[in-house]
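Notes follow once the structure below has been shown.
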There are 2 protein chains.
Amino acid sequence: MTKRGTLPDKIDHLEPKVRHGLVVVITGNGKGKTTSALGMALRACGHGLRVCIIQFMKGDLYAGEWDGIKRMQCPIELHATGKGFCGIMGNPYPFSEHRDNAQDAVDLAREKIDSGSYEMVILDEINNALKLKLVDLEQVLDLVRRKGALQHLILTGRDAHPEIIELADTVSEVREIKHAYRKDIEPQPGVDY
Amino acid sequence: MTKRGTLPDKIDHLEPKVRHGLVVVITGNGKGKTTSALGMALRACGHGLRVCIIQFMKGDLYAGEWDGIKRMQCPIELHATGKGFCGIMGNPYPFSEHRDNAQDAVDLAREKIDSGSYEMVILDEINNALKLKLVDLEQVLDLVRRKGALQHLILTGRDAHPEIIELADTVSEVREIKHAYRKDIEPQPGVDY
């Protein structure tokens with residue numbers, strides 16, 4: 001046992017006969033969508049894949065993943081382009097500003113997908129951005145269609161559009177069974193942000 | 001814009017008035033449970049929390065998160081104590097060996113929880129281990145009850161027991177809407193392992 005843990009002595013390695021770049025959608029109203037995408041980024045880094053994360057809604061409030069990612073010795077890039085959750089209480093920015101931001105994020109996503117420099121691109125909360133009309137369905141479909149054959153594209157956020165689900169290979173719906181905030185427990189660092 | 005991405009110039013920091021150590025359960029049959037726990041580990045590291053992950057079912061097949069975590073400059077410890085998924089086709093170990101392993105993992109979990117050295121302890125796939133009778137309900141309830149007041153305990157895996165759900169603060173069920181393997185796409189590195 002070492003300071004960093006224990007791993008088995010003998011390990012078999014899976015290797016798919018055919019490599020696929022997957023479209024993965026993580027949607028639903030429960031806790032665990034962004035964190036699942038972050039976990040895929042961590043896993044991908046273990047395999048030496050290059051990852052780009054674009055956060056469509058985050059950018060006004062500190063999120064622990066920003067420093068977590070800085071501490072990873074991996075080719076992982078993160079852009080927090082948002083201005084917080086459009087329309088929720090306390091968010092001071094008008095719709096037009098949220099929309100302009102999200103449109104810039106779409107341009108950035110297109111550039112990153114087309115660059116061929118990333119084996120995994122994560123578009124965090126893009127499903128919400130579409131639902132809120134900050135981006136258009138045709139724009140998101142275009143991003144999905146232009147991804148490389150061996151490139152993984154991960155789209156998170158509640159209310160995923162049926163046409164995006166239709167195009168995806170793997171789709172999970174994270175359902176809230178219960179959540180601490182309903183007991184008036186405020187968001188806790190490390191778990192919730 | 002840097003090589004590592006872009007973050008906003010002005011960031012507000014949330015800080016809960018009261019700190020809580022949460023019990024979080026991520027269950028269900030869909031993709032995204034272990035990755036969500038890994039994402040919480042990454043987020044927790046960003047906040048400077050110390051994390052211990054014990055994987056109850058993994059240990060026979062290479063998982064990308066092992067190297068991903070090695071590449072994190074964070075106090076994060078990972079133990080892959082399992083021998084693969086008990087009872088699934090191709091797994092060569094008898095039930096008694098899986099059970100002995102899982103019992104060792106419970107002892108390790110108790111030791112790590114009691115040590116006070118970790119603000120977050122992740123028991124990956126412990127829900128399955130309970131369902132498969134590799135560990136007992138009373139053992140898992142004991143782990144939940146003995147956690148520190150400010151310690152987060154994350155329990156993943158399908159078929160979470162109702163009594164564990166009852167004790168938890170936040171519970172998500174990850175439902176499979178679709179999965180690439182149903183199109184005969186083999187598990188892909190970075191996404192699936």
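Quick note on naming: the chains in the structure tokens go A, B, ... in the order shown, residues restart at 1 in each chain, and ligands are numbered from 1 in order of appearance.
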
Please, which residues of chain A lie no more than 6 Å from chain B when the count uses only C-alpha atoms, and can they be set out as a ChimeraX atom specification?
-> /A:4-8,11-13,16,30,32,35-36,38-40,42-47,59-62,64-65,67-68,71-73,77-80,169-180,186,190-191

With only C-alpha atoms as the basis for distance, which of B:Leu132, B:Ile164, B:Met89, B:Ile113 is at the shortest distance from Phe56 in chain B?
->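 Looking only at the distances to Phe56 in chain B, the closest residue turns out to be B:Leu132.
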
Can you tell me, as a PyMOL selection string, what residues are no more than 6 Å from range 102-105 of chain B when counting only C-alpha atoms, ignoring any on the same chain fewer than 3 positions away?
-> chain B and resi 99+108+134

So what do you get for CA of Asp124 in chain B versus CA of Tyr118 in chain A, distance-wise?
->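 One can read the CA of Asp124 in chain B to CA of Tyr118 in chain A distance as 28.4 Å.
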
Name the residues of range 84-180 of chain A that come out as strand (DSSP E or B) in a backbone DSSP run; write them as an NGL selection string.
-> :A and (120-124 or 152-156 or 170-178)

All helix (DSSP H, G or I) positions in range 4-187 of chain A, as number ranges by chain = A: 33-46, 64-70, 95-115, 126-131, 137-146, 162-167, 180-183
